[in-house]
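Here's the structure, in structure tokens; my notes come after.
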Amino acid sequence: MANQHSSASSEDRLRYLITGAAGQLGYEIVECLGARDVAAFSHGQLDVTDRHAVTEAVLAYQPDVIVNAAAYTDVDGAESEPEAAYSVNAWGARNVALAAKQTESYVCYISTDFVFDGTKDYYNEWDHPAPLGVYGASKLAGEQETAAHAPAWSIVRTAWLCGRKGRNFAKTILSLRNSRDTIEVVDDQRGSPSVASDIAAALVEVCARRLEGIFHVTNSGSATWCELAKAIMRAAGDDPERIVPTKTEDLRRPAKRPRSSVLDNACLRAAGLAALRPWQEAFDELVCDLLNDTRERESK
């Protein structure tokens with residue numbers, strides 16, 4: 001069991017178990033929980049596709065809250081490896097939910113904007129999912145497994161996630177600017193750019209209150225990938241005009257992408273939780289952090 005620590009704080013005596021704790025969002029969730037009573041498992045420490053291992057971990061720790069952040073997230077890879085995507089995103093979700101039933105634990109399952117087909121300008125929590133590809137379909141299946149088997153649950157859908165850990169769009173743009181004069185980025189997909197630390201903070205609040213149902217959790221506002229790339233360049237003190245717009249069809253990616261997957265955080269507002277800050281502000285801070293991390297590594 002990794003990263004377990006406890007606190008006697010009167011604010012929150014809940015015991016948390018986190019799967020996928022080494023991932024982009026999982027890492028930030030653990031950071032946000034701080035000194036609370038947390039058992040955090042990376043994929044290497046707990047494989048959610050192993051029902052016995054999941055059940056054993058949950059029974060041993062007896063959590064009040066399980067955050068299932070383990071996921072297969074390779075959107076294009078899922079098209080050629082559907083079994084791998086469903087194994088983690090759907091079967092893994094079933095294993096976690098069934099284990100939670102034995103301890104009456106509340107489960108929060110992390111999902112995605114890719115459960116929608118992009119035919120609407122934006123989506124709220126009551127819109128009907130219609131995924132375009134295997135990745136979205138496997139995450140939708142995970143939502144269904146969680147809702148069917150967990151004794152109490154929430155599903156948190158987020159989108160266009162970038163953070164300090166793992167691979168993501170912000171890191172890619174910052175890296176490419178050092179090797180290319182111009183960077184082509186699609187301008188015909190619109191979504192909700194989100195920073196992992198902000199999403200983690202809102203998610204922890206949902207879990208602490210054990211709110212039930214589906215919640216869209218993103219930073220405020222929307223953008224195209226091209227607009228986001230320009231903002232990242234601007235935040236890095238670079239010329240945003242180095243970002244050149246292109247079309248999705250020109251990239252010829254294996255998986256279809258929704259034209260618009262902007263998530264309206266309607267249920268978050270209805271529950272009385274504060275709207276997350278604008279994505280521009282969040283990404284300005286993230287880019288600053290990423291550049292500082294790079295400078296620190298290079299100075300060693």
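Chains: A, B, ... in order of the structure tokens. Residues: from 1 per chain. Ligands: from 1, in order shown.
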
Which residues of segment 126-205 of chain A sit at most 6 Å from segment 240-253 of chain A, using only C-alpha atoms? Give each one's shortest atom pair and distance in Å (one decimal place), in chain and ascending residue order, as a Markdown table.
```
| residue | atom | partner | partner_atom | distance |
| --- | --- | --- | --- | --- |
| A:Thr182 | CA | A:Arg242 | CA | 4.6 |
| A:Ile183 | CA | A:Ile243 | CA | 4.9 |
| A:Glu184 | CA | A:Val244 | CA | 4.7 |
| A:Val185 | CA | A:Pro245 | CA | 5.2 |
| A:Val186 | CA | A:Thr246 | CA | 4.6 |
| A:Asp187 | CA | A:Pro245 | CA | 5.5 |
```

Requested in this report: Please provide the set of residues having any atom within 8 Å of Tyr122 of chain A, restricted to only C-alpha atoms, with same-chain residues fewer than 4 positions apart removed, written as a VMD selection string.
Outcome: chain A and resid 118 260 to 264

Next, dump the selected residues to file, keeping only N, CA, C and O atoms, as a JSON list (two decimals), in the first residue's frame.
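Full text of out-v2.json as output:
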```json
[["chain", "number", "residue", "atom", "x", "y", "z"],
["A", 118, "GLY", "N", -20.45, 15.29, -30.19],
["A", 118, "GLY", "CA", -20.03, 16.59, -30.69],
["A", 118, "GLY", "C", -21.01, 17.28, -31.63],
["A", 118, "GLY", "O", -20.66, 18.28, -32.25],
["A", 260, "SER", "N", -17.56, 19.45, -31.12],
["A", 260, "SER", "CA", -17.67, 20.29, -29.93],
["A", 260, "SER", "C", -18.04, 19.41, -28.74],
["A", 260, "SER", "O", -19.03, 18.68, -28.79],
["A", 261, "SER", "N", -17.23, 19.47, -27.69],
["A", 261, "SER", "CA", -17.53, 18.68, -26.50],
["A", 261, "SER", "C", -17.42, 19.56, -25.26],
["A", 261, "SER", "O", -16.95, 19.13, -24.21],
["A", 262, "VAL", "N", -17.85, 20.82, -25.40],
["A", 262, "VAL", "CA", -17.84, 21.74, -24.27],
["A", 262, "VAL", "C", -18.79, 21.20, -23.20],
["A", 262, "VAL", "O", -19.93, 20.86, -23.49],
["A", 263, "LEU", "N", -18.31, 21.12, -21.96],
["A", 263, "LEU", "CA", -19.12, 20.58, -20.88],
["A", 263, "LEU", "C", -19.67, 21.71, -20.01],
["A", 263, "LEU", "O", -18.91, 22.51, -19.45],
["A", 264, "ASP", "N", -20.98, 21.76, -19.91],
["A", 264, "ASP", "CA", -21.66, 22.71, -19.03],
["A", 264, "ASP", "C", -21.70, 22.09, -17.63],
["A", 264, "ASP", "O", -22.19, 20.98, -17.45]]
```

Report task. Return the single residue from A:Leu161, A:Gly237, A:Tyr16, A:Ala231 that is closest to Gly34 of chain A, with distances computed using only C-alpha atoms. Result -> A:Tyr16

Residues within 8 Å of Ala70 of chain A, only C-alpha atoms, excluding chain neighbours under 4 positions, as a compact mmCIF listing (two decimals) with N, CA and C atoms, in the first residue's frame:
```
# COMPACT_ATOMS: atom_id res chain seq x y z
N THR A 19 -7.27 4.92 -6.91
CA THR A 19 -6.63 4.11 -7.95
C THR A 19 -6.08 5.05 -9.02
N GLY A 20 -5.07 4.59 -9.75
CA GLY A 20 -4.48 5.44 -10.78
C GLY A 20 -3.82 6.67 -10.18
N ALA A 21 -3.23 6.52 -8.99
CA ALA A 21 -2.72 7.66 -8.23
C ALA A 21 -1.46 8.28 -8.82
N GLY A 23 -1.19 8.87 -12.07
CA GLY A 23 -1.59 9.51 -13.31
C GLY A 23 -1.74 11.01 -13.14
N GLY A 26 -4.85 11.64 -10.89
CA GLY A 26 -4.68 10.92 -9.63
C GLY A 26 -3.64 11.55 -8.73
N HIS A 43 -0.91 2.27 -10.93
CA HIS A 43 -1.28 1.07 -11.70
C HIS A 43 -0.38 -0.11 -11.34
N VAL A 48 -6.53 -2.46 -11.66
CA VAL A 48 -7.98 -2.55 -11.46
C VAL A 48 -8.62 -3.68 -12.26
N VAL A 88 -9.66 -1.99 -18.76
CA VAL A 88 -9.37 -1.02 -17.69
C VAL A 88 -10.58 -0.14 -17.41
N ASN A 89 -11.14 0.46 -18.44
CA ASN A 89 -12.17 1.49 -18.26
C ASN A 89 -13.53 0.94 -17.84
```

**Report entry** Nearest to Gly272 of chain A by atom-to-atom distance, counting only C-alpha atoms, from A:Val206, A:Ala148, A:His128, A:Arg15
**Finding:** A:Val206

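Minimum distance to Thr172 of chain A across A:Arg36, A:Arg13, A:Ala229, A:Pro193 (counting only C-alpha atoms) occurs at A:Ala229.
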
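Compared by their closest atoms to Tyr106 of chain A, and using only C-alpha atoms, the residues A:Arg210, A:Arg177, A:Arg167, A:His149 rank with A:Arg210 nearest.
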
Report summary line: atom CA of Cys226 of chain A to atom CA of Gly191 of chain A measures 11.0 Å

**Report entry** Near-Leu276 of chain A list (9 Å; only C-alpha atoms; drop same-chain fewer than 2 positions) as a list in words
**Finding:** Asp198, Ile199, Ala202, Val217, Thr218, Asn219, Ser220, Leu273, Ala274, Pro278 and Trp279 of chain A

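What separates atom CA of Ser299 of chain A from atom CA of Ser197 of chain A is a distance of 25.5 Å.
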